[in-house]
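Enquirer: Structure supplied as run_25.tsv; contents: TSV, C-alpha atoms (C1' of nucleotides).
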chain	number	residue	atom	x	y	z
A	4	MET	CA	-0.46	1.81	-13.93
A	5	SER	CA	-1.45	5.36	-13.18
A	6	LEU	CA	-4.59	7.19	-12.21
A	7	THR	CA	-6.39	9.56	-14.50
A	8	THR	CA	-7.20	13.02	-13.22
A	9	ALA	CA	-10.85	12.12	-13.04
A	10	GLU	CA	-10.12	8.99	-11.04
A	11	HIS	CA	-8.00	10.92	-8.62
A	12	ARG	CA	-10.57	13.67	-8.21
A	13	ALA	CA	-13.28	11.07	-7.76
A	14	TRP	CA	-11.31	9.36	-5.02
A	15	ALA	CA	-10.49	12.58	-3.18
A	16	ALA	CA	-14.04	13.90	-3.29
A	17	PHE	CA	-15.46	10.55	-2.28
A	18	PHE	CA	-13.11	10.24	0.64
A	19	VAL	CA	-13.62	13.76	1.96
A	20	ALA	CA	-17.37	13.61	1.51
A	21	HIS	CA	-17.51	10.48	3.61
A	22	GLY	CA	-15.45	12.05	6.36
A	23	LEU	CA	-17.59	15.17	6.46
A	24	MET	CA	-20.85	13.28	6.58
A	25	ALA	CA	-19.76	10.61	9.04
A	26	LYS	CA	-18.65	13.17	11.61
A	27	ARG	CA	-21.79	15.24	11.29
A	28	ILE	CA	-24.09	12.27	11.44
A	29	ASP	CA	-22.37	10.88	14.52
A	30	LYS	CA	-22.85	14.17	16.30
A	31	VAL	CA	-26.51	14.47	15.38
A	32	LEU	CA	-27.26	10.90	16.48
A	33	ALA	CA	-25.40	11.41	19.76
A	34	ALA	CA	-27.19	14.70	20.41
A	35	ALA	CA	-30.53	13.04	19.80
A	36	GLY	CA	-29.64	10.29	22.27
A	37	VAL	CA	-29.97	7.40	19.84
A	38	VAL	CA	-27.56	4.66	18.87
A	39	SER	CA	-24.50	5.42	16.75
A	40	LEU	CA	-24.15	4.54	13.08
A	41	GLU	CA	-22.09	1.44	13.90
A	42	VAL	CA	-24.58	0.16	16.45
A	43	TYR	CA	-27.48	0.89	14.09
A	44	ASP	CA	-25.76	-1.25	11.50
A	45	VAL	CA	-25.38	-4.12	13.95
A	46	LEU	CA	-28.98	-3.95	15.10
A	47	LEU	CA	-30.32	-3.75	11.57
A	48	HIS	CA	-28.28	-6.71	10.37
A	49	LEU	CA	-29.62	-8.75	13.28
A	50	GLU	CA	-33.18	-7.62	12.64
A	51	LEU	CA	-33.02	-8.70	9.03
A	52	ALA	CA	-31.26	-12.00	9.68
A	53	GLU	CA	-32.99	-15.38	9.90
A	54	GLY	CA	-34.50	-15.66	13.36
A	55	ARG	CA	-33.06	-12.26	14.22
A	56	ARG	CA	-29.77	-13.85	15.14
A	57	MET	CA	-26.35	-14.30	13.64
A	58	ARG	CA	-23.06	-15.90	14.54
A	59	MET	CA	-20.44	-13.52	15.84
A	60	CYS	CA	-18.04	-14.05	12.96
A	61	GLU	CA	-20.75	-13.53	10.34
A	62	LEU	CA	-21.88	-10.37	12.04
A	63	ALA	CA	-18.34	-9.07	12.33
A	64	GLU	CA	-17.80	-9.50	8.62
A	65	ALA	CA	-21.15	-7.94	7.77
A	66	VAL	CA	-20.52	-4.79	9.78
A	67	LEU	CA	-16.85	-4.52	8.84
A	68	LEU	CA	-15.42	-5.06	12.31
A	69	SER	CA	-12.60	-7.30	13.46
A	70	ARG	CA	-13.54	-10.23	15.66
A	71	SER	CA	-12.13	-8.51	18.71
A	72	GLY	CA	-13.89	-5.29	17.85
A	73	LEU	CA	-17.21	-7.08	17.65
A	74	THR	CA	-16.55	-8.97	20.88
A	75	ARG	CA	-16.28	-5.68	22.74
A	76	LEU	CA	-19.16	-4.01	20.96
A	77	ALA	CA	-21.30	-7.07	21.73
A	78	ASP	CA	-20.21	-6.84	25.37
A	79	ARG	CA	-21.51	-3.32	25.52
A	80	LEU	CA	-24.75	-3.98	23.66
A	81	GLU	CA	-25.42	-6.98	25.85
A	82	ARG	CA	-24.88	-4.90	29.00
A	83	GLU	CA	-27.35	-2.39	27.61
A	84	GLY	CA	-29.85	-5.15	26.89
A	85	LEU	CA	-30.02	-4.59	23.13
A	86	ILE	CA	-28.72	-8.03	22.21
A	87	GLU	CA	-28.26	-11.42	23.85
A	88	ARG	CA	-25.60	-14.05	23.42
A	89	HIS	CA	-26.73	-17.66	23.08
A	90	ALA	CA	-24.62	-20.79	22.90
A	91	CYS	CA	-24.83	-22.67	19.63
A	92	SER	CA	-25.71	-26.32	20.05
A	93	LYS	CA	-24.29	-27.44	16.72
A	94	ASP	CA	-20.86	-25.88	17.12
A	95	ARG	CA	-19.83	-25.24	20.67
A	96	ARG	CA	-17.11	-22.80	19.60
A	97	SER	CA	-19.74	-20.56	18.14
A	98	THR	CA	-21.94	-17.91	19.74
A	99	HIS	CA	-25.22	-16.65	18.39
A	100	VAL	CA	-26.13	-13.05	18.91
A	101	ALA	CA	-29.85	-12.30	19.01
A	102	LEU	CA	-31.71	-9.02	18.87
A	103	THR	CA	-33.84	-8.33	21.96
A	104	PRO	CA	-37.16	-6.46	21.85
A	105	LEU	CA	-35.35	-3.52	23.42
A	106	GLY	CA	-32.72	-3.68	20.70
A	107	LEU	CA	-35.42	-3.63	18.06
A	108	ALA	CA	-37.11	-0.71	19.76
A	109	GLU	CA	-33.88	1.26	19.90
A	110	ARG	CA	-33.23	0.62	16.22
A	111	GLU	CA	-36.71	1.85	15.39
A	112	ARG	CA	-36.34	4.87	17.64
A	113	ALA	CA	-33.09	5.81	15.93
A	114	TRP	CA	-34.42	5.48	12.41
A	115	PRO	CA	-36.29	8.81	12.07
A	116	VAL	CA	-33.25	10.67	13.32
A	117	TYR	CA	-30.93	8.71	11.09
A	118	ARG	CA	-33.23	9.19	8.09
A	119	GLU	CA	-33.48	12.92	8.54
A	120	VAL	CA	-29.76	13.41	8.88
A	121	ILE	CA	-29.01	11.34	5.79
A	122	LYS	CA	-31.53	13.45	3.95
A	123	ALA	CA	-30.04	16.67	5.26
A	124	GLU	CA	-26.36	15.87	4.79
A	125	PHE	CA	-26.42	13.48	1.87
A	126	ALA	CA	-29.56	13.05	-0.21
A	127	GLY	CA	-30.58	16.68	0.04
A	128	ASN	CA	-27.31	17.72	-1.54
A	129	LEU	CA	-27.69	15.52	-4.62
A	130	GLU	CA	-29.14	16.58	-7.93
A	131	PRO	CA	-32.07	14.67	-9.45
A	132	GLY	CA	-30.91	11.30	-10.68
A	133	ASP	CA	-27.70	11.33	-8.68
A	134	ALA	CA	-29.04	8.94	-6.07
A	135	GLU	CA	-29.72	6.26	-8.70
A	136	THR	CA	-26.30	6.82	-10.18
A	137	VAL	CA	-24.50	6.59	-6.87
A	138	ALA	CA	-26.46	3.51	-5.86
A	139	THR	CA	-25.52	1.80	-9.12
A	140	ILE	CA	-21.85	2.71	-9.12
A	141	PHE	CA	-21.18	2.00	-5.46
A	142	GLY	CA	-23.40	-1.05	-5.35
A	143	ARG	CA	-21.29	-2.51	-8.14
A	144	LEU	CA	-18.13	-1.45	-6.32
A	145	CYS	CA	-19.22	-3.29	-3.18
A	146	GLU	CA	-19.99	-6.41	-5.18
A	147	ARG	CA	-16.61	-6.35	-6.84
A	148	LEU	CA	-14.94	-5.90	-3.49
A	149	GLY	CA	-16.68	-9.08	-2.45
A	150	HIS	CA	-19.24	-7.66	-0.06
A	151	ARG	CA	-22.93	-8.44	-0.03
A	152	LEU	CA	-25.14	-5.55	0.94
A	153	CYS	CA	-27.95	-6.88	3.05
A	154	VAL	CA	-31.49	-7.18	1.64
A	155	GLY	CA	-30.98	-6.50	-2.01
A	156	GLY	CA	-28.46	-3.79	-1.50
A	157	SER	CA	-30.63	-1.59	0.61
A	158	CYS	CA	-29.90	-2.46	4.22
A	159	GLY	CA	-33.26	-1.22	5.32
A	160	ASP	CA	-35.37	0.28	2.55
A	161	LYS	CA	-38.45	-1.11	4.12
A	162	HIS	CA	-38.24	1.04	7.21
A	163	ASP	CA	-40.81	3.72	7.61
B	11	MET	CA	-39.41	14.19	4.95
B	12	SER	CA	-38.51	10.71	3.89
B	13	LEU	CA	-35.85	9.05	1.82
B	14	THR	CA	-36.52	7.48	-1.52
B	15	THR	CA	-35.40	3.92	-2.10
B	16	ALA	CA	-32.68	5.12	-4.42
B	17	GLU	CA	-31.41	7.60	-1.85
B	18	HIS	CA	-31.31	4.93	0.79
B	19	ARG	CA	-29.55	2.45	-1.47
B	20	ALA	CA	-27.09	5.13	-2.50
B	21	TRP	CA	-26.26	5.94	1.09
B	22	ALA	CA	-25.83	2.32	2.13
B	23	ALA	CA	-23.64	1.43	-0.84
B	24	PHE	CA	-21.58	4.58	-0.42
B	25	PHE	CA	-21.03	3.95	3.25
B	26	VAL	CA	-20.10	0.29	2.90
B	27	ALA	CA	-17.85	0.93	-0.08
B	28	HIS	CA	-15.90	3.47	1.92
B	29	GLY	CA	-15.48	1.11	4.83
B	30	LEU	CA	-14.28	-1.72	2.60
B	31	MET	CA	-11.77	0.42	0.77
B	32	ALA	CA	-10.44	2.31	3.77
B	33	LYS	CA	-9.61	-0.89	5.65
B	34	ARG	CA	-7.93	-2.50	2.69
B	35	ILE	CA	-5.93	0.57	1.78
B	36	ASP	CA	-4.71	1.03	5.35
B	37	LYS	CA	-3.44	-2.52	5.39
B	38	VAL	CA	-1.65	-2.21	2.08
B	39	LEU	CA	0.02	1.05	3.07
B	40	ALA	CA	1.10	-0.39	6.42
B	41	ALA	CA	2.44	-3.54	4.78
B	42	ALA	CA	4.45	-1.43	2.35
B	43	GLY	CA	5.90	0.56	5.23
B	44	VAL	CA	4.66	3.95	4.09
B	45	VAL	CA	2.59	6.58	5.85
B	46	SER	CA	-1.11	6.02	6.53
B	47	LEU	CA	-3.92	7.70	4.61
B	48	GLU	CA	-4.40	10.29	7.36
B	49	VAL	CA	-0.73	11.19	7.49
B	50	TYR	CA	-0.55	11.34	3.72
B	51	ASP	CA	-3.38	13.84	3.79
B	52	VAL	CA	-1.56	16.00	6.33
B	53	LEU	CA	1.71	15.95	4.41
B	54	LEU	CA	0.02	16.72	1.11
B	55	HIS	CA	-1.91	19.65	2.52
B	56	LEU	CA	1.32	21.08	3.90
B	57	GLU	CA	3.15	20.51	0.65
B	58	LEU	CA	0.52	22.38	-1.32
B	59	ALA	CA	0.14	25.24	1.16
B	60	GLU	CA	1.82	28.63	0.82
B	61	GLY	CA	5.39	28.25	2.05
B	62	ARG	CA	4.70	24.60	2.83
B	63	ARG	CA	3.28	25.58	6.19
B	64	MET	CA	-0.10	26.00	7.83
B	65	ARG	CA	-1.51	26.99	11.16
B	66	MET	CA	-2.59	24.11	13.36
B	67	CYS	CA	-6.25	25.04	13.35
B	68	GLU	CA	-6.39	25.45	9.57
B	69	LEU	CA	-4.70	22.12	9.11
B	70	ALA	CA	-7.02	20.41	11.57
B	71	GLU	CA	-10.03	21.63	9.65
B	72	ALA	CA	-8.53	20.68	6.29
B	73	VAL	CA	-7.81	17.10	7.30
B	74	LEU	CA	-11.02	16.67	9.31
B	75	LEU	CA	-9.42	16.22	12.70
B	76	SER	CA	-10.28	17.81	16.02
B	77	ARG	CA	-7.74	20.24	17.44
B	78	SER	CA	-6.66	17.73	20.05
B	79	GLY	CA	-6.41	15.00	17.46
B	80	LEU	CA	-4.12	17.12	15.35
B	81	THR	CA	-2.02	18.12	18.36
B	82	ARG	CA	-1.19	14.47	18.97
B	83	LEU	CA	-0.70	13.59	15.35
B	84	ALA	CA	1.63	16.58	15.01
B	85	ASP	CA	3.52	15.40	18.09
B	86	ARG	CA	4.14	12.09	16.42
B	87	LEU	CA	5.06	13.51	13.02
B	88	GLU	CA	7.42	15.98	14.66
B	89	ARG	CA	9.11	13.17	16.59
B	90	GLU	CA	9.53	11.33	13.31
B	91	GLY	CA	10.99	14.42	11.67
B	92	LEU	CA	8.30	14.78	9.00
B	93	ILE	CA	7.11	18.18	10.14
B	94	GLU	CA	8.34	21.03	12.35
B	95	ARG	CA	6.47	23.40	14.62
B	96	HIS	CA	7.34	27.09	14.44
B	97	ALA	CA	6.10	29.93	16.61
B	98	CYS	CA	4.02	32.53	14.80
B	99	SER	CA	5.29	36.06	15.26
B	100	LYS	CA	2.00	37.73	14.42
B	101	ASP	CA	-0.16	35.79	16.83
B	102	ARG	CA	1.63	34.24	19.73
B	103	ARG	CA	-1.22	31.82	20.41
B	104	SER	CA	-0.72	30.30	17.03
B	105	THR	CA	1.69	27.62	15.84
B	106	HIS	CA	2.81	27.05	12.29
B	107	VAL	CA	3.45	23.55	11.10
B	108	ALA	CA	5.98	23.19	8.28
B	109	LEU	CA	6.81	20.23	6.07
B	110	THR	CA	10.43	19.08	6.35
B	111	PRO	CA	12.42	17.65	3.43
B	112	LEU	CA	12.04	14.25	5.05
B	113	GLY	CA	8.30	14.77	5.25
B	114	LEU	CA	8.20	15.62	1.57
B	115	ALA	CA	10.29	12.57	0.75
B	116	GLU	CA	8.00	10.30	2.72
B	117	ARG	CA	4.94	11.70	0.97
B	118	GLU	CA	6.58	11.07	-2.38
B	119	ARG	CA	7.66	7.59	-1.36
B	120	ALA	CA	4.12	6.74	-0.32
B	121	TRP	CA	2.50	8.02	-3.49
B	122	PRO	CA	3.17	5.09	-5.83
B	123	VAL	CA	1.83	2.65	-3.25
B	124	TYR	CA	-1.16	4.83	-2.57
B	125	ARG	CA	-1.83	5.32	-6.28
B	126	GLU	CA	-1.72	1.62	-7.04
B	127	VAL	CA	-4.05	0.67	-4.25
B	128	ILE	CA	-6.59	3.33	-5.23
B	129	LYS	CA	-6.44	1.97	-8.73
B	130	ALA	CA	-6.82	-1.60	-7.55
B	131	GLU	CA	-9.59	-1.10	-5.01
B	132	PHE	CA	-11.44	1.91	-6.39
B	133	ALA	CA	-10.75	3.14	-9.90
B	134	GLY	CA	-10.25	-0.33	-11.33
B	135	ASN	CA	-13.74	-1.30	-10.23
B	136	LEU	CA	-15.47	1.60	-11.97
B	137	GLU	CA	-17.01	1.50	-15.43
B	138	PRO	CA	-15.93	4.01	-18.09
B	139	GLY	CA	-17.24	7.43	-17.26
B	140	ASP	CA	-17.99	6.61	-13.64
B	141	ALA	CA	-14.94	8.45	-12.37
B	142	GLU	CA	-16.09	11.73	-13.92
B	143	THR	CA	-19.56	11.18	-12.54
B	144	VAL	CA	-18.35	10.43	-9.03
B	145	ALA	CA	-15.97	13.39	-9.09
B	146	THR	CA	-18.80	15.70	-10.10
B	147	ILE	CA	-21.39	14.43	-7.65
B	148	PHE	CA	-19.12	14.21	-4.64
B	149	GLY	CA	-17.21	17.35	-5.46
B	150	ARG	CA	-20.53	19.19	-5.39
B	151	LEU	CA	-21.47	17.41	-2.18
B	152	CYS	CA	-18.25	18.57	-0.50
B	153	GLU	CA	-18.86	22.13	-1.60
B	154	ARG	CA	-22.38	22.11	-0.26
B	155	LEU	CA	-21.13	20.72	3.03
B	156	GLY	CA	-18.85	23.73	3.18
B	157	HIS	CA	-15.53	22.06	2.54
B	158	ARG	CA	-12.94	23.19	0.03
B	159	LEU	CA	-11.02	20.38	-1.61
B	160	CYS	CA	-7.45	21.50	-2.00
B	161	VAL	CA	-6.03	22.39	-5.43
B	162	GLY	CA	-9.09	22.51	-7.58
B	163	GLY	CA	-10.69	19.52	-6.01
B	164	SER	CA	-7.90	17.13	-6.75
B	165	CYS	CA	-5.73	17.11	-3.67
B	166	GLY	CA	-2.74	15.98	-5.66
B	167	ASP	CA	-3.47	15.45	-9.34
B	168	LYS	CA	-0.11	16.78	-10.24
B	169	HIS	CA	1.75	13.95	-8.59
B	170	ASP	CA	3.42	11.56	-10.93
C	17	DC	C1'	-6.97	51.28	30.01
C	18	DC	C1'	-9.65	47.27	31.38
C	19	DC	C1'	-12.50	43.52	31.28
C	20	DA	C1'	-15.57	40.10	28.92
C	21	DG	C1'	-15.67	37.06	25.34
C	22	DA	C1'	-13.54	34.67	21.54
C	23	DT	C1'	-9.64	31.97	19.66
C	24	DG	C1'	-5.41	28.71	19.34
C	25	DG	C1'	-3.26	25.04	21.30
C	26	DT	C1'	-2.46	21.44	24.84
C	27	DT	C1'	-3.65	17.95	28.25
C	28	DG	C1'	-6.55	14.48	31.13
C	29	DC	C1'	-9.75	11.22	30.52
C	30	DG	C1'	-12.82	7.96	28.48
C	31	DT	C1'	-13.72	5.14	24.65
C	32	DA	C1'	-13.13	2.46	20.34
C	33	DT	C1'	-10.50	-0.55	17.60
C	34	DG	C1'	-6.94	-3.74	15.52
C	35	DC	C1'	-3.22	-7.21	16.08
C	36	DA	C1'	-1.21	-10.99	18.23
C	37	DA	C1'	-1.58	-14.50	21.46
C	38	DC	C1'	-4.45	-17.64	23.68
C	39	DT	C1'	-8.28	-21.21	24.74
C	40	DA	C1'	-11.56	-24.28	23.20
C	41	DG	C1'	-13.70	-26.90	19.84
C	42	DT	C1'	-13.96	-28.92	15.03
C	43	DA	C1'	-12.26	-31.10	10.77
C	44	DT	C1'	-8.97	-33.72	8.14
C	45	DA	C1'	-5.97	-37.29	7.09
C	46	DA	C1'	-2.78	-40.89	8.07
D	23	DT	C1'	-7.32	-43.19	16.92
D	24	DT	C1'	-4.41	-39.52	17.00
D	25	DA	C1'	-1.80	-35.74	15.27
D	26	DT	C1'	-2.33	-31.57	12.74
D	27	DA	C1'	-4.43	-27.74	10.97
D	28	DC	C1'	-8.14	-24.75	11.08
D	29	DT	C1'	-11.98	-21.92	13.07
D	30	DA	C1'	-14.74	-19.09	16.79
D	31	DG	C1'	-14.36	-16.18	20.28
D	32	DT	C1'	-11.91	-13.63	23.99
D	33	DT	C1'	-8.24	-10.96	26.11
D	34	DG	C1'	-3.75	-7.96	26.73
D	35	DC	C1'	-1.67	-4.42	24.73
D	36	DA	C1'	-0.88	-0.40	21.99
D	37	DT	C1'	-2.76	3.24	19.38
D	38	DA	C1'	-5.96	6.83	17.85
D	39	DC	C1'	-9.48	10.00	18.57
D	40	DG	C1'	-13.02	13.37	20.61
D	41	DC	C1'	-14.78	16.15	24.44
D	42	DA	C1'	-14.24	19.10	28.19
D	43	DA	C1'	-11.25	21.73	30.88
D	44	DC	C1'	-7.45	24.60	30.91
D	45	DC	C1'	-4.00	28.41	29.90
D	46	DA	C1'	-2.29	31.98	27.02
D	47	DT	C1'	-3.36	35.35	23.91
D	48	DC	C1'	-6.07	38.41	21.08
D	49	DT	C1'	-10.14	41.57	20.20
D	50	DG	C1'	-13.71	44.77	20.90
D	51	DG	C1'	-16.82	47.69	23.75
D	52	DG	C1'	-17.02	50.52	27.72
The structure in this file should be written as structure tokens.
Expert:
Amino acid sequence: MSLTTAEHRAWAAFFVAHGLMAKRIDKVLAAAGVVSLEVYDVLLHLELAEGRRMRMCELAEAVLLSRSGLTRLADRLEREGLIERHACSKDRRSTHVALTPLGLAERERAWPVYREVIKAEFAGNLEPGDAETVATIFGRLCERLGHRLCVGGSCGDKHD
Amino acid sequence: MSLTTAEHRAWAAFFVAHGLMAKRIDKVLAAAGVVSLEVYDVLLHLELAEGRRMRMCELAEAVLLSRSGLTRLADRLEREGLIERHACSKDRRSTHVALTPLGLAERERAWPVYREVIKAEFAGNLEPGDAETVATIFGRLCERLGHRLCVGGSCGDKHD
DNA sequence: CCCAGATGGTTGCGTATGCAACTAGTATAA
DNA sequence: TTATACTAGTTGCATACGCAACCATCTGGG
């Protein structure tokens, strides 16, 4: 089975666009002294979870990290006071990760910066109607790849 | 300036979809024993360049790597015989990187694997017409972010 | 010509991440 | 009950990458 020209062009443009935006956004967030994209994702997932806590393995899957990757990221975030680890009484293998007030504050402090850079690099370069189209196509793609976007596919619409 | 709900949903879905696909594709390519996505990109850019060679800094920009990142990747690819470094007579600071026959062969060997996994993870999960739409929207996005997609935005349509 | 500033490439260092191996705890089935 | 398989999390190791510093070279204004 082969790719059509359109499929190939779509893939290439999609892939490059992501690379361009991810690098720029990382730099802007770092320059503004707020948490990185990956950390934002972790904090937001925790904030939106039941009781503002999740099991490590659930969180790892949600933020697309390996278990070991999340272990080390959680080490760092715990050192910085943004999250806390708690033993789980029901399953003693398991660890709950909870968002601290400081973690919530950092997520909220990052949001205006994050929002502006998404607008500048991404949304501001779309034509009218494109955002809806992209949301539909890639939302469906995520579903078919077996991933649930948090909170109705938005991962944080409510903010601001 | 704020984001609309659609813009936010579009960003989130786009970002997650990329993460899902990139991880899966990397694993498939590794399991098949062919070059990674990043290396494929380097080899293809060289193959399509004038004389199958580029300057290091041009190549770094084209494949979205830092200069130091490309230095090390080039070290590895040179060790593996996929590329060669050549001194530039016009500017003695500069180094040309050239694709070797082995490098070309490896790119061609990787292509069927790469093509199938893009079809399976990406193109196969799009609805009719979506590919054109995505190519248009993200092609425009890349342009506006100041990046030229190689070969008319396709980066390899001609293959196969 | 000469020097300041820019450019191309490399290297040291810190950091991030995945895989495989490991420990500990849970679930299943005989 | 006990053996076996599975799951959650951590750790050692290897790899990959960016930034800042560095050297060599080029360029442009005196």
Enquirer: What lies within 7 Å of region 33-50 of chain D using all atoms listed in the file, ignoring chain neighbours under 2 positions off, as a PyMOL selection string?
Expert: chain B and resi 76+79+102-103
Enquirer: Counting all atoms listed in the file, figure out which residue out of B:Glu118, B:Leu74, B:Pro138, B:Glu126 gets nearest to chain D.
Expert: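 Among the listed residues, B:Leu74 lies closest to chain D.
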Enquirer: Show me which bits of chain B are within 8 Å of chain A, counting all atoms listed in the file, as a ChimeraX atom specification.
Expert: /B:11-13,15-30,74,125-126,128-129,131-133,135-136,140-152,154-155,159,163-167
Enquirer: Please identify every residue of chain B that has at least one atom no more than 9 Å from any atom of chain C, counting all atoms listed in the file, and report them as a ChimeraX atom specification.
Expert: /B:66-67,77-78,81,102-105
Enquirer: Calculate how many Å separate CA of Val107 (chain B) from CA of Val38 (chain B), rounding to one decimal.
Expert: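 Computing the Euclidean distance for CA of Val107 (chain B) and CA of Val38 (chain B) yields 27.8 Å.
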Enquirer: Which residues, protein or nucleic acid, reach to within 12 Å of (-30.7, -11.4, 12.5) in the file's coordinates when using only C-alpha atoms (C1' of nucleotides), and can you give that as a PyMOL selection string?
Expert: chain A and resi 44-59+61-62+65+86-87+99-103+106-107+153-154
Enquirer: To one decimal place, how far is CA of Leu80 (chain B) from CA of Val45 (chain B) in Å?
Expert: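 Taking CA of Leu80 (chain B) and CA of Val45 (chain B), their separation equals 15.7 Å.
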Enquirer: For the interface of chain D with chain A (cut-off 8 Å, counting all atoms listed in the file), please tabulate each contacting residue of chain D alongside its nearest pair of atoms and their separation in Å to one decimal, rows sorted by chain and increasing number, as a Markdown table.
Expert:
| residue | atom | partner | partner_atom | distance |
| --- | --- | --- | --- | --- |
| D:DA30 | C1' | A:Arg96 | CA | 5.2 |
| D:DG31 | C1' | A:Arg96 | CA | 7.2 |
| D:DT32 | C1' | A:Thr74 | CA | 7.3 |
Enquirer: Limited to C-alpha atoms (C1' of nucleotides), could you put the picked residues into a file as a PDB file, keeping the file's coordinate frame?
Expert:
ATOM      1  C1'  DA D  30     -14.740 -19.090  16.790  1.00  0.00           C
ATOM      2  C1'  DG D  31     -14.360 -16.180  20.280  1.00  0.00           C
ATOM      3  C1'  DT D  32     -11.910 -13.630  23.990  1.00  0.00           C
TER       4       DT D  32
END
Enquirer: So what do you get for CA of Glu71 (chain B) versus CA of Val116 (chain A), distance-wise?
Expert: 25.9 Å
Enquirer: Taking all atoms of region 136-151 of chain B that the file lists and extending 3 Å past them on each side, where is the centre of the axis-aligned box and how long are its edges? Answer in Å to one decimal, as AutoDock Vina command-line options.
Expert:
--center_x -18.2 --center_y 10.3 --center_z -10.1 --size_x 12.5 --size_y 23.7 --size_z 21.9
